[in-house]
Amino acid sequence: MRFGGCPLRCHYCDTPRSWSRRSHFDWHGSGGMEQRANPLNPGALSAALYEMAATHGVPAARTMVALTGGEPLLQHAFLHAWLPTWEGPVMLETAGIYADRLQALLPEIDALSLDWKMNADLDQGADLNAAAECIEVAESARRDRALDYWCKLVVSAATPARAVLDACSQIAALAPGCRVLLQPVTPLASAVAGGPTNESAAAPRGAALAAGPALQPPCAQTLLAYLAAAQDLDLDLRVVPQVHPLLGAR
Ligand code: SF4
């Protein structure tokens, strides 16, 4: 479930059409994609998810729903209303910029994917204090109730090696033993330089992605060098591809 709106413009963003809220959302049912009207209230959202689960023949109460974006925590008030009413497990994917909102919602979350943005990822630099606060919130929940969470670093061939290793060191200091996923960027063209910023400017995904130069993933040797350089850190460091482009998920 992709939430509209995001205050960031990561250089590697592959979903620029999620940056703004839209009057309609894409519904991917058994009959293909159709447009449905936004916004949904909590009851309508649950009904839509039950319908989606039935479409795919899976039990809604035992199928994990992934909240992603955009940045889902921009719509934290809605999530406060909806999450307690939803019976199934929920995974939250967040950019790690709203520690207070994360803390408030975390009791309703079963799994957490926390991005760690590096300064090189954003023109204005990353808010490393906010990222550290989010990890502290997640660590607290892991200790209290064994929250399943991990940190995610998207890396490209242009990412400075020092930045990757510094990020790993910072995460290890905050959360010893933390699972950290190094995700080689999928070589799609970035839309940050020319992507849509409002609905009227919204372009089809392919057109938006054609706006900027393609970011390339690091080569295998570079990824191995990261793993080797970080082996003395107390981290569960793994290289994991971005699966959603492989699956064609939007
Ligand atoms: S990668 Fe995520 S956090 Fe970054 S601009 Fe895209 S939607 Fe926003």
# chains A, B, ... in the order shown; residues from 1 in each chain; ligands from 1
call {"tool": "residues_near_ligand", "arguments": {"ligand": "ligand 1", "cutoff": "10 Å", "atoms": "only C-alpha atoms and all ligand atoms", "output": "ChimeraX atom specification"}}
result
/A:2-20,68-72,93-97,115-117,121-122,154,190-192
call {"tool": "write_last_selection", "arguments": {"atoms": "C-alpha atoms", "output": "mmCIF file, in the first residue's frame"}}
result
data_model
loop_
_atom_site.group_PDB
_atom_site.id
_atom_site.type_symbol
_atom_site.label_atom_id
_atom_site.label_comp_id
_atom_site.auth_asym_id
_atom_site.auth_seq_id
_atom_site.Cartn_x
_atom_site.Cartn_y
_atom_site.Cartn_z
ATOM 1 C CA ARG A 2 1.724 3.090 -1.270
ATOM 2 C CA PHE A 3 1.007 6.355 0.557
ATOM 3 C CA GLY A 4 1.181 9.619 -1.356
ATOM 4 C CA GLY A 5 3.457 12.434 -0.274
ATOM 5 C CA CYS A 6 7.134 12.583 0.601
ATOM 6 C CA PRO A 7 9.216 15.533 1.802
ATOM 7 C CA LEU A 8 12.465 14.023 0.494
ATOM 8 C CA ARG A 9 13.916 13.822 -3.005
ATOM 9 C CA CYS A 10 16.431 10.988 -2.833
ATOM 10 C CA HIS A 11 18.662 10.881 -5.870
ATOM 11 C CA TYR A 12 17.880 7.210 -6.350
ATOM 12 C CA CYS A 13 14.091 7.447 -5.913
ATOM 13 C CA ASP A 14 12.290 4.983 -8.180
ATOM 14 C CA THR A 15 8.745 6.070 -7.288
ATOM 15 C CA PRO A 16 8.544 9.817 -7.953
ATOM 16 C CA ARG A 17 4.835 9.558 -8.594
ATOM 17 C CA SER A 18 4.461 8.883 -4.876
ATOM 18 C CA TRP A 19 5.795 12.340 -4.015
ATOM 19 C CA SER A 20 2.393 13.970 -4.195
ATOM 20 C CA THR A 68 5.293 2.269 1.967
ATOM 21 C CA GLY A 69 5.353 5.447 -0.030
ATOM 22 C CA GLY A 70 6.168 8.142 -0.380
ATOM 23 C CA GLU A 71 6.454 8.495 3.339
ATOM 24 C CA PRO A 72 3.600 6.779 5.227
ATOM 25 C CA GLU A 93 8.673 1.131 5.547
ATOM 26 C CA THR A 94 9.799 4.627 6.474
ATOM 27 C CA ALA A 95 12.555 7.051 5.624
ATOM 28 C CA GLY A 96 13.461 7.451 9.298
ATOM 29 C CA ILE A 97 12.761 11.147 9.620
ATOM 30 C CA ASP A 115 15.896 3.661 5.711
ATOM 31 C CA TRP A 116 19.202 5.242 6.596
ATOM 32 C CA LYS A 117 19.667 8.173 4.237
ATOM 33 C CA ASP A 121 21.576 10.742 -1.156
ATOM 34 C CA LEU A 122 19.996 14.195 -0.904
ATOM 35 C CA VAL A 154 20.493 2.050 -0.917
ATOM 36 C CA SER A 190 16.438 9.189 -11.592
ATOM 37 C CA ALA A 191 13.526 11.589 -11.765
ATOM 38 C CA VAL A 192 14.717 13.977 -9.081
#
call {"tool": "select_by_dssp", "arguments": {"residues": "segment 34-130 of chain A", "states": "alpha helix (DSSP H)", "output": "number ranges by chain"}}
result
A: 42-56, 76-82, 99-105, 128-130
call {"tool": "atom_distance", "arguments": {"atom1": "atom CA of Leu153 of chain A", "atom2": "atom CA of Met118 of chain A"}}
result
8.1 Å
call {"tool": "closest_residue", "arguments": {"among": "A:Ser113, A:Ser23, A:Asn41, A:Asn119", "to": "Tyr149 of chain A", "atoms": "only C-alpha atoms"}}
result
A:Ser113
call {"tool": "atom_distance", "arguments": {"atom1": "atom CA of Leu67 of chain A", "atom2": "atom CA of Leu92 of chain A"}}
result
4.9 Å
call {"tool": "select_by_dssp", "arguments": {"residues": "segment 29-236 of chain A", "states": "strand (DSSP E)", "output": "PyMOL selection string"}}
result
chain A and resi 29+32-37+65-67+90-94+111-115+148-155+178-184+235-236
call {"tool": "atom_distance", "arguments": {"atom1": "atom CA of Leu49 of chain A", "atom2": "atom CA of Glu34 of chain A"}}
result
14.9 Å
call {"tool": "closest_residue", "arguments": {"among": "A:Leu114, A:Ala120, A:Leu246, A:Leu235", "to": "Pro160 of chain A", "atoms": "only C-alpha atoms"}}
result
A:Ala120
call {"tool": "closest_residue", "arguments": {"among": "A:Pro187, A:Arg145, A:Arg22, A:Ala60", "to": "Gln35 of chain A", "atoms": "only C-alpha atoms"}}
result
A:Arg22
call {"tool": "closest_residue", "arguments": {"among": "A:Gln242, A:Gln216, A:Thr222, A:Thr85", "to": "Leu45 of chain A", "atoms": "only C-alpha atoms"}}
result
A:Thr85
call {"tool": "residues_around", "arguments": {"residues": "Ala138 of chain A", "least_positions_apart": "6", "cutoff": "12 Å", "atoms": "only C-alpha atoms", "output": "ChimeraX atom specification"}}
result
/A:92,94,96,99-107,109-114,131-132,144-151,171,174-175,178
call {"tool": "write_last_selection", "arguments": {"atoms": "N, CA and C atoms", "output": "tab-separated table (two decimals), in the first residue's frame"}}
result
chain	number	residue	atom	x	y	z
A	92	LEU	N	5.89	-1.62	8.24
A	92	LEU	CA	6.04	-0.20	7.90
A	92	LEU	C	7.41	0.04	7.30
A	94	THR	N	9.74	3.18	6.27
A	94	THR	CA	9.80	4.63	6.47
A	94	THR	C	11.21	5.15	6.25
A	96	GLY	N	12.73	7.20	8.06
A	96	GLY	CA	13.46	7.45	9.30
A	96	GLY	C	13.69	8.92	9.57
A	99	ALA	N	10.80	10.51	14.20
A	99	ALA	CA	10.95	9.60	15.33
A	99	ALA	C	9.72	9.61	16.24
A	100	ASP	N	9.16	10.79	16.50
A	100	ASP	CA	8.01	10.86	17.40
A	100	ASP	C	6.81	10.09	16.82
A	101	ARG	N	6.56	10.29	15.54
A	101	ARG	CA	5.43	9.60	14.91
A	101	ARG	C	5.68	8.09	14.88
A	102	LEU	N	6.93	7.72	14.64
A	102	LEU	CA	7.26	6.30	14.64
A	102	LEU	C	6.99	5.69	16.01
A	103	GLN	N	7.43	6.38	17.03
A	103	GLN	CA	7.25	5.86	18.40
A	103	GLN	C	5.77	5.69	18.73
A	104	ALA	N	4.97	6.64	18.30
A	104	ALA	CA	3.55	6.58	18.62
A	104	ALA	C	2.84	5.43	17.90
A	105	LEU	N	3.28	5.12	16.69
A	105	LEU	CA	2.60	4.09	15.89
A	105	LEU	C	3.18	2.70	16.07
A	106	LEU	N	4.39	2.62	16.59
A	106	LEU	CA	5.10	1.34	16.60
A	106	LEU	C	4.36	0.21	17.32
A	107	PRO	N	3.60	0.49	18.39
A	107	PRO	CA	2.86	-0.63	19.00
A	107	PRO	C	1.91	-1.34	18.04
A	109	ILE	N	2.67	-1.92	14.86
A	109	ILE	CA	3.48	-2.37	13.72
A	109	ILE	C	4.16	-3.69	14.07
A	110	ASP	N	4.17	-4.63	13.12
A	110	ASP	CA	4.77	-5.95	13.36
A	110	ASP	C	6.18	-6.06	12.81
A	111	ALA	N	6.50	-5.32	11.79
A	111	ALA	CA	7.85	-5.34	11.22
A	111	ALA	C	8.15	-3.95	10.68
A	112	LEU	N	9.43	-3.58	10.77
A	112	LEU	CA	9.81	-2.21	10.42
A	112	LEU	C	11.04	-2.22	9.53
A	113	SER	N	10.94	-1.54	8.40
A	113	SER	CA	12.09	-1.33	7.52
A	113	SER	C	12.44	0.15	7.59
A	114	LEU	N	13.62	0.41	8.12
A	114	LEU	CA	14.03	1.79	8.41
A	114	LEU	C	15.14	2.19	7.45
A	131	ALA	N	17.50	10.11	12.01
A	131	ALA	CA	17.71	8.69	11.73
A	131	ALA	C	18.16	7.96	13.00
A	132	ALA	N	19.06	8.59	13.74
A	132	ALA	CA	19.55	7.97	14.98
A	132	ALA	C	18.40	7.83	15.98
A	144	ASP	N	11.73	-4.49	24.06
A	144	ASP	CA	10.49	-4.65	24.83
A	144	ASP	C	9.60	-5.77	24.31
A	145	ARG	N	9.53	-5.90	22.99
A	145	ARG	CA	8.56	-6.87	22.45
A	145	ARG	C	9.07	-7.57	21.19
A	146	ALA	N	10.41	-7.65	21.07
A	146	ALA	CA	11.03	-8.40	19.97
A	146	ALA	C	10.54	-7.92	18.61
A	147	LEU	N	10.41	-6.61	18.45
A	147	LEU	CA	10.03	-6.07	17.14
A	147	LEU	C	11.04	-6.54	16.09
A	148	ASP	N	10.52	-7.01	14.97
A	148	ASP	CA	11.38	-7.38	13.85
A	148	ASP	C	11.65	-6.12	13.04
A	149	TYR	N	12.90	-5.68	13.02
A	149	TYR	CA	13.21	-4.49	12.22
A	149	TYR	C	14.60	-4.60	11.62
A	150	TRP	N	14.82	-3.83	10.59
A	150	TRP	CA	16.11	-3.79	9.93
A	150	TRP	C	16.32	-2.40	9.34
A	151	CYS	N	17.59	-2.09	9.06
A	151	CYS	CA	17.92	-0.82	8.42
A	151	CYS	C	18.31	-1.10	6.97
A	171	ILE	N	25.30	2.97	12.59
A	171	ILE	CA	24.20	2.04	12.94
A	171	ILE	C	24.69	1.02	13.96
A	174	LEU	N	24.67	2.46	17.36
A	174	LEU	CA	23.33	2.68	17.90
A	174	LEU	C	22.60	1.37	18.20
A	175	ALA	N	22.84	0.36	17.35
A	175	ALA	CA	22.07	-0.88	17.43
A	175	ALA	C	22.99	-2.07	17.15
A	178	CYS	N	22.51	-5.19	14.58
A	178	CYS	CA	21.37	-4.84	13.72
A	178	CYS	C	21.50	-5.48	12.34
call {"tool": "residues_around", "arguments": {"residues": "Glu87 of chain A", "least_positions_apart": "3", "cutoff": "10 Å", "atoms": "only C-alpha atoms", "output": "list in words"}}
result
Ser46, Ala60, Ala61, Arg62, Thr63, Leu83, Pro84 and Val90 of chain A
call {"tool": "residues_around", "arguments": {"residues": "Tyr98 of chain A", "least_positions_apart": "5", "cutoff": "9 Å", "atoms": "only C-alpha atoms", "output": "ChimeraX atom specification"}}
result
/A:73-74,103,130-131,133-134
call {"tool": "residues_around", "arguments": {"residues": "Val155 of chain A", "least_positions_apart": "3", "cutoff": "8 Å", "atoms": "only C-alpha atoms", "output": "PyMOL selection string"}}
result
chain A and resi 158-159+164+182-185+217-218
call {"tool": "write_last_selection", "arguments": {"atoms": "C-alpha atoms", "output": "compact mmCIF listing (two decimals), in the first residue's frame"}}
result
# COMPACT_ATOMS: atom_id res chain seq x y z
CA ALA A 158 28.22 7.05 -7.15
CA THR A 159 27.84 6.55 -3.39
CA VAL A 164 28.60 3.66 3.33
CA LEU A 182 22.75 -2.94 1.47
CA GLN A 183 20.52 -2.51 -1.56
CA PRO A 184 22.26 -1.93 -4.90
CA VAL A 185 20.17 0.64 -6.72
CA PRO A 217 24.56 -0.10 -8.96
CA PRO A 218 28.00 -0.68 -7.45
